[in-house]
>>> print(open('input.cif').read())   # mmCIF, C-alpha atoms
data_query
#
loop_
_atom_site.group_PDB
_atom_site.id
_atom_site.type_symbol
_atom_site.label_atom_id
_atom_site.label_comp_id
_atom_site.auth_asym_id
_atom_site.auth_seq_id
_atom_site.Cartn_x
_atom_site.Cartn_y
_atom_site.Cartn_z
ATOM 1 C CA MET A 116 -44.659 -3.206 89.875
ATOM 2 C CA THR A 117 -41.328 -3.151 88.050
ATOM 3 C CA THR A 118 -38.290 -2.042 90.048
ATOM 4 C CA LEU A 119 -35.272 -0.425 88.391
ATOM 5 C CA LEU A 120 -31.944 -0.141 90.196
ATOM 6 C CA HIS A 121 -30.029 2.896 88.886
ATOM 7 C CA LEU A 122 -26.312 2.919 89.692
ATOM 8 C CA ASP A 123 -23.740 5.603 88.888
ATOM 9 C CA ALA A 124 -20.024 4.954 89.345
ATOM 10 C CA SER A 125 -18.320 7.994 87.835
ATOM 11 C CA ALA A 126 -16.099 10.127 90.064
ATOM 12 C CA ARG A 127 -17.547 13.118 88.192
ATOM 13 C CA SER A 128 -20.652 14.474 89.863
ATOM 14 C CA GLY A 129 -22.487 16.169 86.987
ATOM 15 C CA LEU A 130 -23.827 15.306 83.537
ATOM 16 C CA SER A 131 -21.866 16.056 80.398
ATOM 17 C CA GLY A 132 -23.619 18.578 78.196
ATOM 18 C CA THR A 133 -25.251 20.085 81.286
ATOM 19 C CA ASP A 134 -22.554 20.552 83.907
ATOM 20 C CA ALA A 135 -18.937 21.608 83.507
ATOM 21 C CA HIS A 136 -16.689 18.535 83.471
ATOM 22 C CA GLY A 137 -19.792 16.356 83.741
ATOM 23 C CA SER A 138 -19.917 12.597 83.272
ATOM 24 C CA HIS A 139 -20.915 10.886 80.027
ATOM 25 C CA THR A 140 -22.015 7.756 81.871
ATOM 26 C CA ARG A 141 -24.225 9.728 84.261
ATOM 27 C CA ARG A 142 -25.702 11.455 81.223
ATOM 28 C CA LEU A 143 -26.522 8.117 79.579
ATOM 29 C CA SER A 144 -27.838 6.423 82.719
ATOM 30 C CA ALA A 145 -30.086 9.389 83.532
ATOM 31 C CA ARG A 146 -31.331 9.382 79.946
ATOM 32 C CA PHE A 147 -32.092 5.656 80.075
ATOM 33 C CA VAL A 148 -34.120 6.050 83.260
ATOM 34 C CA GLN A 149 -35.958 9.064 81.849
ATOM 35 C CA GLN A 150 -36.815 7.180 78.669
ATOM 36 C CA TRP A 151 -37.840 4.092 80.631
ATOM 37 C CA LEU A 152 -40.223 6.095 82.800
ATOM 38 C CA GLN A 153 -41.889 7.522 79.716
ATOM 39 C CA HIS A 154 -42.812 3.961 78.769
ATOM 40 C CA ARG A 155 -43.300 2.610 82.310
ATOM 41 C CA PRO A 156 -44.199 5.546 84.590
ATOM 42 C CA ASP A 157 -45.285 3.254 87.434
ATOM 43 C CA THR A 158 -41.747 1.867 87.835
ATOM 44 C CA ARG A 159 -40.130 2.071 91.259
ATOM 45 C CA VAL A 160 -36.605 3.492 90.917
ATOM 46 C CA ILE A 161 -33.869 2.792 93.470
ATOM 47 C CA TYR A 162 -30.896 5.126 93.004
ATOM 48 C CA ARG A 163 -27.427 4.526 94.365
ATOM 49 C CA ASP A 164 -24.440 6.728 93.590
ATOM 50 C CA VAL A 165 -21.435 4.512 94.250
ATOM 51 C CA GLY A 166 -19.159 7.013 92.517
ATOM 52 C CA GLN A 167 -19.756 9.695 95.139
ATOM 53 C CA ASN A 168 -20.580 7.332 98.005
ATOM 54 C CA PRO A 169 -18.582 4.152 97.415
ATOM 55 C CA PRO A 170 -19.318 1.014 99.411
ATOM 56 C CA SER A 171 -16.730 -0.048 101.929
ATOM 57 C CA PRO A 172 -14.152 -2.432 100.459
ATOM 58 C CA VAL A 173 -14.186 -6.050 101.522
ATOM 59 C CA CYS A 174 -11.955 -6.697 104.525
ATOM 60 C CA GLY A 175 -10.975 -9.704 106.595
ATOM 61 C CA GLU A 176 -13.836 -9.252 109.057
ATOM 62 C CA TRP A 177 -16.303 -9.037 106.165
ATOM 63 C CA ILE A 178 -15.019 -12.302 104.686
ATOM 64 C CA ARG A 179 -15.154 -14.092 108.034
ATOM 65 C CA ALA A 180 -18.716 -12.899 108.584
ATOM 66 C CA ALA A 181 -19.914 -13.721 105.068
ATOM 67 C CA PHE A 182 -18.658 -17.301 105.282
ATOM 68 C CA THR A 183 -20.085 -17.850 108.756
ATOM 69 C CA PRO A 184 -23.625 -19.321 108.715
ATOM 70 C CA GLU A 185 -26.145 -16.604 109.525
ATOM 71 C CA SER A 186 -27.344 -18.412 112.631
ATOM 72 C CA HIS A 187 -23.788 -18.353 114.028
ATOM 73 C CA ARG A 188 -22.993 -14.686 113.412
ATOM 74 C CA ASP A 189 -22.488 -12.407 116.372
ATOM 75 C CA GLN A 190 -23.384 -8.711 116.418
ATOM 76 C CA THR A 191 -19.950 -7.690 115.153
ATOM 77 C CA MET A 192 -20.349 -9.952 112.115
ATOM 78 C CA ARG A 193 -23.847 -8.685 111.402
ATOM 79 C CA GLU A 194 -22.562 -5.123 111.532
ATOM 80 C CA ALA A 195 -19.697 -6.007 109.167
ATOM 81 C CA LEU A 196 -22.278 -7.186 106.610
ATOM 82 C CA ARG A 197 -24.879 -4.483 107.195
ATOM 83 C CA GLU A 198 -23.978 -2.389 104.148
ATOM 84 C CA SER A 199 -23.541 -5.459 101.971
ATOM 85 C CA ASP A 200 -26.948 -6.769 103.047
ATOM 86 C CA MET A 201 -28.532 -3.471 102.019
ATOM 87 C CA LEU A 202 -26.853 -3.575 98.598
ATOM 88 C CA VAL A 203 -27.885 -7.192 98.065
ATOM 89 C CA ASP A 204 -31.467 -6.360 99.062
ATOM 90 C CA GLU A 205 -31.542 -3.624 96.414
ATOM 91 C CA LEU A 206 -30.207 -6.011 93.780
ATOM 92 C CA LEU A 207 -32.713 -8.711 94.697
ATOM 93 C CA ALA A 208 -35.571 -6.209 94.491
ATOM 94 C CA ALA A 209 -34.561 -5.007 91.016
ATOM 95 C CA ASP A 210 -35.967 -6.306 87.752
ATOM 96 C CA VAL A 211 -33.655 -4.060 85.717
ATOM 97 C CA ILE A 212 -30.181 -2.861 86.726
ATOM 98 C CA VAL A 213 -28.932 0.241 84.882
ATOM 99 C CA ALA A 214 -25.318 1.081 85.632
ATOM 100 C CA GLY A 215 -23.252 4.028 84.430
ATOM 101 C CA VAL A 216 -19.710 2.663 84.607
ATOM 102 C CA PRO A 217 -16.851 4.584 82.970
ATOM 103 C CA MET A 218 -13.564 2.996 81.970
ATOM 104 C CA TYR A 219 -10.716 3.893 84.306
ATOM 105 C CA ASN A 220 -7.363 2.492 83.192
ATOM 106 C CA PHE A 221 -9.032 -0.209 81.096
ATOM 107 C CA GLY A 222 -11.349 -1.452 83.850
ATOM 108 C CA PRO A 223 -14.283 -0.298 85.991
ATOM 109 C CA PRO A 224 -13.735 2.280 88.759
ATOM 110 C CA ALA A 225 -12.691 0.939 92.141
ATOM 111 C CA GLN A 226 -15.959 2.322 93.525
ATOM 112 C CA PHE A 227 -17.962 0.004 91.281
ATOM 113 C CA LYS A 228 -15.690 -2.956 91.977
ATOM 114 C CA ALA A 229 -16.470 -2.409 95.661
ATOM 115 C CA TRP A 230 -20.183 -2.673 94.813
ATOM 116 C CA ILE A 231 -19.555 -5.922 92.914
ATOM 117 C CA ASP A 232 -17.551 -7.342 95.826
ATOM 118 C CA ASN A 233 -20.370 -6.508 98.241
ATOM 119 C CA ILE A 234 -23.163 -8.122 96.196
ATOM 120 C CA VAL A 235 -21.329 -11.351 95.314
ATOM 121 C CA ARG A 236 -22.432 -13.043 98.520
ATOM 122 C CA VAL A 237 -22.361 -16.703 99.397
ATOM 123 C CA GLY A 238 -25.803 -17.877 100.494
ATOM 124 C CA ARG A 239 -27.514 -14.777 99.127
ATOM 125 C CA THR A 240 -26.549 -14.379 95.469
ATOM 126 C CA PHE A 241 -24.602 -17.599 94.875
ATOM 127 C CA GLY A 242 -24.547 -20.981 96.532
ATOM 128 C CA PHE A 243 -21.512 -22.917 97.676
ATOM 129 C CA ASP A 244 -21.121 -26.475 98.911
ATOM 130 C CA ARG A 245 -17.693 -28.091 98.699
ATOM 131 C CA ASN A 246 -19.349 -31.520 99.023
ATOM 132 C CA ARG A 247 -21.635 -30.924 96.037
ATOM 133 C CA SER A 248 -21.103 -33.190 93.054
ATOM 134 C CA GLY A 249 -19.431 -31.299 90.212
ATOM 135 C CA ASP A 250 -19.056 -27.541 90.541
ATOM 136 C CA PRO A 251 -19.379 -26.472 94.192
ATOM 137 C CA TYR A 252 -20.682 -23.032 93.141
ATOM 138 C CA TRP A 253 -24.054 -22.203 91.612
ATOM 139 C CA PRO A 254 -26.023 -19.003 90.881
ATOM 140 C CA LEU A 255 -29.041 -18.084 92.993
ATOM 141 C CA LEU A 256 -30.553 -15.392 90.733
ATOM 142 C CA THR A 257 -30.968 -17.488 87.581
ATOM 143 C CA ASP A 258 -34.766 -17.663 87.443
ATOM 144 C CA MET A 259 -35.510 -14.105 88.553
ATOM 145 C CA GLY A 260 -35.641 -12.567 85.069
ATOM 146 C CA LYS A 261 -33.204 -9.788 85.874
ATOM 147 C CA ARG A 262 -31.620 -7.674 83.128
ATOM 148 C CA VAL A 263 -28.562 -5.470 83.289
ATOM 149 C CA VAL A 264 -27.756 -2.444 81.135
ATOM 150 C CA LEU A 265 -24.180 -1.149 81.344
ATOM 151 C CA LEU A 266 -23.548 2.355 79.987
ATOM 152 C CA SER A 267 -19.870 3.159 79.681
ATOM 153 C CA ALA A 268 -17.460 5.798 78.370
ATOM 154 C CA ARG A 269 -13.899 5.451 77.124
ATOM 155 C CA GLY A 270 -11.181 8.021 76.573
ATOM 156 C CA ASP A 271 -9.766 6.341 73.482
ATOM 157 C CA TYR A 272 -11.550 4.468 70.689
ATOM 158 C CA GLY A 273 -11.541 1.112 68.937
ATOM 159 C CA TYR A 274 -12.260 -1.130 71.909
ATOM 160 C CA ASP A 275 -14.959 -3.075 70.054
ATOM 161 C CA GLY A 276 -12.796 -4.373 67.238
ATOM 162 C CA GLY A 277 -10.345 -1.585 66.424
ATOM 163 C CA LYS A 278 -6.903 -0.585 67.636
ATOM 164 C CA MET A 279 -7.738 -1.102 71.323
ATOM 165 C CA TYR A 280 -9.482 -4.443 70.891
ATOM 166 C CA GLY A 281 -8.834 -6.787 73.811
ATOM 167 C CA LYS A 282 -7.986 -3.974 76.233
ATOM 168 C CA ASN A 283 -11.510 -3.349 77.491
ATOM 169 C CA HIS A 284 -12.009 -4.930 80.913
ATOM 170 C CA VAL A 285 -15.138 -3.027 81.917
ATOM 171 C CA GLU A 286 -18.030 -4.979 80.413
ATOM 172 C CA PRO A 287 -16.222 -8.344 80.574
ATOM 173 C CA SER A 288 -15.465 -8.065 84.297
ATOM 174 C CA VAL A 289 -18.891 -6.713 85.264
ATOM 175 C CA PHE A 290 -20.819 -9.163 83.099
ATOM 176 C CA THR A 291 -18.726 -12.126 84.271
ATOM 177 C CA ALA A 292 -19.501 -11.352 87.918
ATOM 178 C CA LEU A 293 -23.234 -10.864 87.280
ATOM 179 C CA SER A 294 -23.424 -13.995 85.108
ATOM 180 C CA TYR A 295 -21.913 -15.897 88.024
ATOM 181 C CA LEU A 296 -24.956 -14.836 90.042
ATOM 182 C CA GLY A 297 -27.374 -15.795 87.262
ATOM 183 C CA ILE A 298 -27.980 -12.397 85.601
ATOM 184 C CA THR A 299 -27.303 -13.325 81.996
ATOM 185 C CA GLU A 300 -29.474 -10.899 80.000
ATOM 186 C CA GLN A 301 -26.870 -8.202 79.481
ATOM 187 C CA HIS A 302 -26.813 -5.079 77.314
ATOM 188 C CA SER A 303 -24.139 -2.424 76.847
ATOM 189 C CA ILE A 304 -23.650 0.937 75.128
ATOM 190 C CA ALA A 305 -20.473 3.028 75.249
ATOM 191 C CA VAL A 306 -19.212 6.481 74.326
ATOM 192 C CA GLU A 307 -15.708 6.694 72.869
ATOM 193 C CA TYR A 308 -13.244 9.478 71.912
ATOM 194 C CA ASP A 309 -13.635 11.353 75.217
ATOM 195 C CA GLU A 310 -9.971 12.344 75.380
ATOM 196 C CA PHE A 311 -10.102 13.771 71.842
ATOM 197 C CA ALA A 312 -13.006 16.138 72.618
ATOM 198 C CA ASP A 313 -13.735 16.746 68.942
ATOM 199 C CA GLU A 314 -16.528 16.026 66.464
ATOM 200 C CA ARG A 315 -15.906 12.295 66.842
ATOM 201 C CA LEU A 316 -16.848 12.516 70.524
ATOM 202 C CA MET A 317 -19.978 14.505 69.633
ATOM 203 C CA GLN A 318 -20.986 11.841 67.109
ATOM 204 C CA SER A 319 -20.259 9.039 69.564
ATOM 205 C CA LEU A 320 -22.408 10.740 72.194
ATOM 206 C CA ALA A 321 -25.255 11.221 69.723
ATOM 207 C CA ASP A 322 -25.033 7.578 68.645
ATOM 208 C CA ALA A 323 -24.955 6.386 72.253
ATOM 209 C CA GLU A 324 -27.973 8.499 73.189
ATOM 210 C CA ALA A 325 -29.956 7.173 70.237
ATOM 211 C CA ALA A 326 -28.978 3.603 71.141
ATOM 212 C CA THR A 327 -29.951 4.262 74.773
ATOM 213 C CA ASP A 328 -33.400 5.473 73.709
ATOM 214 C CA ARG A 329 -33.937 2.398 71.524
ATOM 215 C CA LEU A 330 -32.793 0.007 74.231
ATOM 216 C CA ALA A 331 -34.996 1.602 76.894
ATOM 217 C CA ALA A 332 -38.026 1.291 74.618
ATOM 218 C CA LEU A 333 -37.171 -2.295 73.688
ATOM 219 C CA LEU A 334 -36.707 -3.492 77.256
ATOM 220 C CA ALA A 335 -39.707 -1.580 78.597
ATOM 221 C CA ALA A 336 -41.882 -3.274 75.996
ATOM 222 C CA LYS A 337 -40.863 -6.683 77.389
ATOM 223 C CA VAL A 338 -42.055 -5.975 80.940
#
>>> encode(input="input.cif", output="structure tokens")
Amino acid sequence: MTTLLHLDASARSGLSGTDAHGSHTRRLSARFVQQWLQHRPDTRVIYRDVGQNPPSPVCGEWIRAAFTPESHRDQTMREALRESDMLVDELLAADVIVAGVPMYNFGPPAQFKAWIDNIVRVGRTFGFDRNRSGDPYWPLLTDMGKRVVLLSARGDYGYDGGKMYGKNHVEPSVFTALSYLGITEQHSIAVEYDEFADERLMQSLADAEAATDRLAALLAAKV
């Protein structure tokens, strides 16, 4: 059975077009999952709303516990990693990761960065050995066939080659972290013009929804 991990990171709780002040990224991620299930109705869906329920940020105790061998961890260390272990388990179980991640000040929301920091785990999602020849780091998820779909929204426009080119740090930061773990099949779709709230936003939303439908069908056909 295919497992899909559905993540939402927007601070907005509703869906644009349905709820007042709703989120474009929640709208796209929900649409992707809906379209996917039409093609693969037997899929198991794991949903996590990190926008409304953000993971705890990494702290000193977390770092000490993560870099202590599991066999040497005490109860305090195990408790410090409990939430992270749960998030890693969800990631490991997933064949497809669908994430609604809006742009906040040119990068991903802090809530989603906290998720990234909790799933980049030595010994679980990447390996580390300072005595290893060459690079001491290596990915642990390389051969698992995982795919990630990032659905974003931007207030301005032109991030993909126009006036704002080079100022988008959403997809690059998320995809760099997941590539480090070995998740290298990566897809992205974004809505632009949100702050203008005119016909350009409506067209961008329509284009993004159509692209979302096509991508869901394409990826579902590969399962």
>>> closest_residue(input="input.cif", among="A:Gly260, A:Gly137, A:Pro224, A:Gly132", to="Gly166 (chain A)", atoms="all atoms listed in the file")
A:Pro224
>>> atom_distance(input="input.cif", atom1="CA of Arg247 (chain A)", atom2="CA of Leu293 (chain A)")
21.9 Å
>>> closest_residue(input="input.cif", among="A:Lys337, A:Ile298, A:Gly281, A:Leu119", to="Gln149 (chain A)", atoms="all atoms listed in the file")
A:Leu119
>>> residues_around(input="input.cif", residues="Pro217 (chain A)", least_positions_apart="6", cutoff="8 Å", atoms="all atoms listed in the file", output="ChimeraX atom specification")
/A:124-125,140,223-224,266-269,285
>>> closest_residue(input="input.cif", among="A:Ala145, A:Gly222, A:Val306, A:Ser248", to="Lys282 (chain A)", atoms="only C-alpha atoms")
A:Gly222
>>> residues_around(input="input.cif", residues="Ala292 (chain A)", least_positions_apart="6", cutoff="12 Å", atoms="only C-alpha atoms", output="list of chain:residue names")
A:Phe227, A:Lys228, A:Trp230, A:Ile231, A:Asp232, A:Asn233, A:Ile234, A:Val235, A:Arg236, A:Thr240, A:Phe241, A:Pro254, A:Val263, A:Val285, A:Glu286, A:Ile298, A:Thr299, A:Gln301
>>> resolve_selection(input="input.cif", expression="the PyMOL selection byres ((chain A and resi 309) around 7)", output="PyMOL selection string")
chain A and resi 269-271+307-308+310-312+316
>>> write_last_selection(input="input.cif", atoms="C-alpha atoms", output="compact mmCIF listing (two decimals), in the coordinates of the input")
# COMPACT_ATOMS: atom_id res chain seq x y z
CA ARG A 269 -13.90 5.45 77.12
CA GLY A 270 -11.18 8.02 76.57
CA ASP A 271 -9.77 6.34 73.48
CA GLU A 307 -15.71 6.69 72.87
CA TYR A 308 -13.24 9.48 71.91
CA GLU A 310 -9.97 12.34 75.38
CA PHE A 311 -10.10 13.77 71.84
CA ALA A 312 -13.01 16.14 72.62
CA LEU A 316 -16.85 12.52 70.52
>>> atom_distance(input="input.cif", atom1="CA of Arg262 (chain A)", atom2="CA of Ile212 (chain A)")
6.2 Å
>>> axis_aligned_box(input="input.cif", around="region 222-235 of chain A", padding_each_side="8 Å", output="AutoDock Vina command-line options")
--center_x -17.3 --center_y -4.5 --center_z 91.0 --size_x 27.8 --size_y 29.7 --size_z 30.4
>>> closest_residue(input="input.cif", among="A:Arg315, A:His121, A:Arg239, A:Lys278", to="Glu185 (chain A)", atoms="all atoms listed in the file")
A:Arg239
>>> closest_residue(input="input.cif", among="A:Asp189, A:Asp250, A:Asp134, A:Asp164", to="Ala214 (chain A)", atoms="only C-alpha atoms")
A:Asp164
>>> residues_around(input="input.cif", residues="region 151-154 of chain A", least_positions_apart="3", cutoff="7 Å", atoms="only C-alpha atoms", output="list in words")
Phe147, Val148, Thr158, Ala331, Ala332 and Ala335 of chain A
>>> atom_distance(input="input.cif", atom1="CA of Gly175 (chain A)", atom2="CA of Glu194 (chain A)")
13.4 Å
>>> closest_residue(input="input.cif", among="A:Gly238, A:Gly215, A:Gly277, A:Pro251", to="Val289 (chain A)", atoms="all atoms listed in the file")
A:Gly215
>>> resolve_selection(input="input.cif", expression="the PyMOL selection byres ((chain A and resi 163) around 7)", output="list in words")
His121, Leu122, Asp123, Ile161, Tyr162, Asp164 and Val165 of chain A
